[in-house]
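Notes to accompany the following structure.
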Amino acid sequence: MTQNQTISPTIAIVGLGYVGLPLALAFAKKYTVIGFDINETRVKDLQNGKDITLECTEAEIKNTKHLTFTSSLSSIKDATIFIVTVPTPLDADKRPNLKPLLEATAMIGSVLKKEDVVIYESTVYPGCTEEDCVPVLEKQSSLVFNKNFYVGYSPERINPGDKVHTLTTIKKLTAGSTPEIADKVDALYASIITAGTFKVSSIKVAEAAKSIENAQRDINISFVNELALIFDRMNIDTHEVLEAAATKWNFLPFKPGLVGGHCIGVDPYYLASKATSLGYHPQVILSGRNVNDQMSNFVTEKLIQLLSGNGINAKGAKALILGISFKENCPDIRNSKAFEIHAQLRAAGMEVDAFDPYANALEVKQKHAIDLVTALGKYDVIVLVVAHDFFKSLDYTSLKRSDKTVIYDIKAFLDRSIVTARL
């Protein structure tokens, strides 16, 4: 096969973030792929081999022959398969915000042709693809669903920053709007996913399966977070308790912590919103969300308490936040609870530095008006929020303003002998 030989089908990936870019690179090994994003800066970076998400290397991007990047809608009009990987965030009231999804759908609808297939990977509530997206495709294209065009659903399972559980090594759920399209969608993903695929009977089943994956994890974390709130009042180290309990073979090894990111802290609200619209008020799901949402407040109150116990007034104290991204060894800052802690410490009168060797300083400045520091000083309180490997190498003694400096380890990541307390 020569470099200029056309490979069929032509696939358009709409959205080139943490999900879309790895997907585009994987498909481009076998098909002609056009990566589309409305962010012109992102497109230009990718054209130059630069990926600010750190999911893909420059060599991986530049050495892919059958992949092009564009922000021009007309450039994807010849595609026959469109895969949507745009974010599905929440609004200020924690309700599903479908605006990015429906805008991407409308754009695709404007170039949709007979026999084209639109596959959604964005996490949504059950029914969203067919009830919310399909009508937009029909309106924009003047085509008839399941007669002139078709849809599929294959929820993303990308784990940002994870170099072991990558796209092709995670089993992929697939579904289609007709049995024939379901087979086509499944075969398409099976051609790149080494871990295999799992075809389900309907798009709603696939949507529901994805939504409960993260809801289940959220609930499990909320349980150990609630234990941390209880054991703190008993002056018991939660991690010691969990380590002891884990000696039983069927104890689930979850740990307390801040729940941020694009999935776990978001997806349960999508499922809860749909349930509420159907007349059922979910109790367990929202109870878990409530516990996890209050953890940044607990951390701030605990830090003030620890400072007071060491004779340091919170007002005027100098604090260092280690880690501003939502997870370890990853630059992704979406829904990071570190920003809540930063705001709360400043509201308490502290001077706050934030340091993160992975996060993009410009993005942090633009989205949160925080200047990440590059040179560290001496502090009254140090809170480790994210377990970046880099933080293992820091000399914590040199960062302490005095022997009364508080070191609070949210992740139970540091040597216990150097920390004042752990979550």
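Just so we're on the same page: first chain in the structure tokens is A, next is B, and so on; residues restart at 1 for each chain, and ligands are numbered from 1 in the order they show up.
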| message | For the helix (DSSP H, G or I) assignment from backbone DSSP, which residues of region 89-245 of chain A qualify? Please present them as a ChimeraX atom specification. | response | /A:99-111,128-141,167-169,179-190,203-234,238-245
| said: For Tyr153 (chain A), find every residue with an atom within 7 Å (counting only C-alpha atoms), except residues of its own chain fewer than 4 positions away, and show them as a VMD selection string. | reply: chain A and resid 119 to 121 174 to 176 203 206
Take the residues from that selection and put them in a file with N, CA and C atoms, as a PDB file, in the first residue's frame.
```
ATOM      1  N   ILE A 119     -21.156   7.788  15.230  1.00  0.00           N
ATOM      2  CA  ILE A 119     -20.922   7.007  16.452  1.00  0.00           C
ATOM      3  C   ILE A 119     -20.577   7.971  17.589  1.00  0.00           C
ATOM      4  N   TYR A 120     -21.257   7.818  18.704  1.00  0.00           N
ATOM      5  CA  TYR A 120     -20.994   8.670  19.861  1.00  0.00           C
ATOM      6  C   TYR A 120     -20.162   7.918  20.889  1.00  0.00           C
ATOM      7  N   GLU A 121     -19.118   8.613  21.408  1.00  0.00           N
ATOM      8  CA  GLU A 121     -18.312   8.062  22.503  1.00  0.00           C
ATOM      9  C   GLU A 121     -18.495   8.861  23.789  1.00  0.00           C
ATOM     10  N   THR A 174     -19.904  -1.822  22.379  1.00  0.00           N
ATOM     11  CA  THR A 174     -20.395  -1.294  21.101  1.00  0.00           C
ATOM     12  C   THR A 174     -21.893  -1.532  20.970  1.00  0.00           C
ATOM     13  N   ALA A 175     -22.532  -0.641  20.195  1.00  0.00           N
ATOM     14  CA  ALA A 175     -23.968  -0.781  19.930  1.00  0.00           C
ATOM     15  C   ALA A 175     -24.291  -0.003  18.665  1.00  0.00           C
ATOM     16  N   GLY A 176     -25.406  -0.374  18.023  1.00  0.00           N
ATOM     17  CA  GLY A 176     -25.835   0.314  16.819  1.00  0.00           C
ATOM     18  C   GLY A 176     -27.338   0.473  16.776  1.00  0.00           C
ATOM     19  N   ILE A 203     -28.433   0.756  21.998  1.00  0.00           N
ATOM     20  CA  ILE A 203     -27.639   1.928  22.367  1.00  0.00           C
ATOM     21  C   ILE A 203     -27.915   2.323  23.816  1.00  0.00           C
ATOM     22  N   ALA A 206     -25.796   0.324  26.217  1.00  0.00           N
ATOM     23  CA  ALA A 206     -24.401   0.772  26.231  1.00  0.00           C
ATOM     24  C   ALA A 206     -24.266   2.084  26.993  1.00  0.00           C
TER      25      ALA A 206
END
```
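Counting only C-alpha atoms and comparing A:Ala338, A:Val284, A:Met107, A:Ala347, the residue that lies closest to Asp218 (chain A) is A:Val284.
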Using 9 Å as the limit and counting only C-alpha atoms, can you tabulate each residue of region 177-201 of chain A that touches region 18-32 of chain A, with its shortest atom-to-atom distance in Å and the two atoms involved, as a Markdown table?
```
| residue | atom | partner | partner_atom | distance |
| --- | --- | --- | --- | --- |
| A:Tyr189 | CA | A:Phe27 | CA | 8.6 |
| A:Ser191 | CA | A:Lys30 | CA | 8.2 |
| A:Ile192 | CA | A:Ala26 | CA | 6.5 |
| A:Ile193 | CA | A:Ala26 | CA | 8.7 |
```
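Nearest-residue note for Asp353 (chain A): choosing from A:Asp371, A:Asp332, A:Asp186, A:Asp116, the minimum distance belongs to A:Asp371, counting only C-alpha atoms.
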| task | Enumerate the residues of region 103-227 of chain A with a DSSP assignment of strand (DSSP E or B), computed from the backbone, and present them as a ChimeraX atom specification. | result | /A:117-120,145,149-153,172-176,197-199
Would you mind exporting the chosen residues as an mmCIF file, in the first residue's frame, restricted to N, CA and C atoms?
```
data_model
loop_
_atom_site.group_PDB
_atom_site.id
_atom_site.type_symbol
_atom_site.label_atom_id
_atom_site.label_comp_id
_atom_site.auth_asym_id
_atom_site.auth_seq_id
_atom_site.Cartn_x
_atom_site.Cartn_y
_atom_site.Cartn_z
ATOM 1 N N VAL A 117 -22.644 6.940 8.991
ATOM 2 C CA VAL A 117 -22.866 6.455 10.356
ATOM 3 C C VAL A 117 -22.217 7.434 11.338
ATOM 4 N N VAL A 118 -22.964 7.827 12.351
ATOM 5 C CA VAL A 118 -22.439 8.704 13.402
ATOM 6 C C VAL A 118 -22.354 7.894 14.690
ATOM 7 N N ILE A 119 -21.156 7.788 15.230
ATOM 8 C CA ILE A 119 -20.922 7.007 16.452
ATOM 9 C C ILE A 119 -20.577 7.971 17.589
ATOM 10 N N TYR A 120 -21.257 7.818 18.704
ATOM 11 C CA TYR A 120 -20.994 8.670 19.861
ATOM 12 C C TYR A 120 -20.162 7.918 20.889
ATOM 13 N N PHE A 145 -33.604 9.056 9.933
ATOM 14 C CA PHE A 145 -32.869 8.125 10.792
ATOM 15 C C PHE A 145 -33.230 6.675 10.473
ATOM 16 N N PHE A 149 -29.515 7.450 7.232
ATOM 17 C CA PHE A 149 -28.275 7.456 8.028
ATOM 18 C C PHE A 149 -28.517 6.655 9.306
ATOM 19 N N TYR A 150 -27.409 6.360 10.013
ATOM 20 C CA TYR A 150 -27.495 5.479 11.178
ATOM 21 C C TYR A 150 -26.581 6.012 12.296
ATOM 22 N N VAL A 151 -26.807 5.524 13.501
ATOM 23 C CA VAL A 151 -25.948 5.926 14.609
ATOM 24 C C VAL A 151 -25.479 4.707 15.389
ATOM 25 N N GLY A 152 -24.388 4.900 16.092
ATOM 26 C CA GLY A 152 -23.845 3.867 16.970
ATOM 27 C C GLY A 152 -23.397 4.508 18.263
ATOM 28 N N TYR A 153 -23.064 3.672 19.229
ATOM 29 C CA TYR A 153 -22.562 4.172 20.507
ATOM 30 C C TYR A 153 -21.498 3.217 21.028
ATOM 31 N N LYS A 172 -13.963 -2.842 24.618
ATOM 32 C CA LYS A 172 -14.820 -1.761 24.149
ATOM 33 C C LYS A 172 -16.266 -2.218 24.014
ATOM 34 N N LEU A 173 -17.189 -1.488 24.631
ATOM 35 C CA LEU A 173 -18.613 -1.735 24.432
ATOM 36 C C LEU A 173 -19.044 -1.132 23.101
ATOM 37 N N THR A 174 -19.904 -1.822 22.379
ATOM 38 C CA THR A 174 -20.395 -1.294 21.101
ATOM 39 C C THR A 174 -21.893 -1.532 20.970
ATOM 40 N N ALA A 175 -22.532 -0.641 20.195
ATOM 41 C CA ALA A 175 -23.968 -0.781 19.930
ATOM 42 C C ALA A 175 -24.291 -0.003 18.665
ATOM 43 N N GLY A 176 -25.406 -0.374 18.023
ATOM 44 C CA GLY A 176 -25.835 0.314 16.819
ATOM 45 C C GLY A 176 -27.338 0.473 16.776
ATOM 46 N N THR A 197 -14.060 -6.597 21.825
ATOM 47 C CA THR A 197 -15.250 -5.773 21.972
ATOM 48 C C THR A 197 -16.369 -6.563 22.636
ATOM 49 N N PHE A 198 -17.382 -5.846 23.093
ATOM 50 C CA PHE A 198 -18.551 -6.469 23.709
ATOM 51 C C PHE A 198 -19.781 -5.771 23.157
ATOM 52 N N LYS A 199 -20.447 -6.414 22.211
ATOM 53 C CA LYS A 199 -21.612 -5.820 21.557
ATOM 54 C C LYS A 199 -22.858 -6.048 22.401
#
```
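For the pair CA of Ala195 (chain A) and CA of Asn214 (chain A), the interatomic distance is 20.2 Å.
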| 6 Å contact set for Ile13 (chain A), only C-alpha atoms, chain neighbours under 3 positions out, as a PyMOL selection string | chain A and resi 35-36+83
Produce a file of the selected residues containing C-alpha atoms, as a PDB file, in the first residue's frame.
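The resulting out_36.pdb:
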```
ATOM      1  CA  GLY A  35      -9.193  14.750  13.197  1.00  0.00           C
ATOM      2  CA  PHE A  36     -11.504  17.740  13.667  1.00  0.00           C
ATOM      3  CA  ILE A  83     -17.089   9.592  15.757  1.00  0.00           C
TER       4      ILE A  83
END
```
| Counting only C-alpha atoms, what is within 12 Å of Glu240 (chain A), bar same-chain residues fewer than 5 positions away, as a ChimeraX atom specification? | /A:227-228,231,235,245-247,255,412,416,422-423
Would you output that residue set with N, CA and C atoms, as a short mmCIF file (atom, residue, chain, number, x, y, z; two decimals), in the first residue's frame?
```cif
data_model
loop_
_atom_site.label_atom_id
_atom_site.label_comp_id
_atom_site.auth_asym_id
_atom_site.auth_seq_id
_atom_site.Cartn_x
_atom_site.Cartn_y
_atom_site.Cartn_z
N LEU A 227 -15.96 7.14 55.89
CA LEU A 227 -15.17 6.51 56.97
C LEU A 227 -14.09 7.46 57.46
N ALA A 228 -13.43 8.16 56.52
CA ALA A 228 -12.38 9.10 56.91
C ALA A 228 -12.94 10.22 57.78
N PHE A 231 -13.60 8.47 61.23
CA PHE A 231 -12.39 8.08 61.95
C PHE A 231 -11.56 9.29 62.37
N ASN A 235 -9.85 10.02 66.03
CA ASN A 235 -8.39 10.05 66.05
C ASN A 235 -7.79 8.70 65.63
N ALA A 245 -8.45 -4.09 57.20
CA ALA A 245 -9.65 -4.70 56.63
C ALA A 245 -9.34 -5.43 55.33
N ALA A 246 -8.35 -4.94 54.58
CA ALA A 246 -8.01 -5.53 53.29
C ALA A 246 -7.37 -6.91 53.41
N THR A 247 -7.06 -7.35 54.64
CA THR A 247 -6.52 -8.70 54.80
C THR A 247 -7.60 -9.76 54.56
N LYS A 255 -9.70 3.83 48.48
CA LYS A 255 -9.07 4.74 49.42
C LYS A 255 -9.78 6.09 49.40
N ALA A 412 -1.97 9.75 51.22
CA ALA A 412 -1.17 8.75 51.95
C ALA A 412 -0.03 8.27 51.06
N ARG A 416 5.29 8.16 56.08
CA ARG A 416 4.43 8.60 57.19
C ARG A 416 5.22 9.35 58.26
N ARG A 422 -2.79 12.45 57.77
CA ARG A 422 -3.24 11.95 56.46
C ARG A 422 -4.76 11.96 56.44
N LEU A 423 -5.32 12.05 55.22
CA LEU A 423 -6.77 12.00 55.09
C LEU A 423 -7.27 10.60 55.46
#
```
| field | Close residues, Asp356 (chain A) itself excluded, 10 Å, only C-alpha atoms, min 5 positions apart in chain, as JSON, numbers by chain | value | {"A": [321, 322, 323, 324, 325, 329, 330, 331, 361, 372, 373, 374, 386, 388, 390, 391]}
| If you measure from CA of Thr88 (chain A) to CA of Ser122 (chain A), what distance in Å do you get, rounded to one decimal? | 6.5 Å
| Nearest residue to Lys315 (chain A) from the set A:Thr166, A:Ser201, A:Ser417, A:Gln344 (distances using only C-alpha atoms) | A:Gln344
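Distances to Val381 (chain A) were evaluated for A:Gln305, A:Asn360, A:Thr194, A:Ser277 using only C-alpha atoms, and the minimum falls at A:Gln305.
Of the residues under consideration (A:Leu345, A:Met350, A:Ile34, A:Val383), A:Val383 shows the shortest atom-to-atom contact distance to Val419 (chain A) when counting only C-alpha atoms.
Among the candidates A:Arg346, A:Lys139, A:His368, A:Lys94, the residue lying nearest to Ser273 (chain A) is A:Lys94 (atoms considered: only C-alpha atoms).
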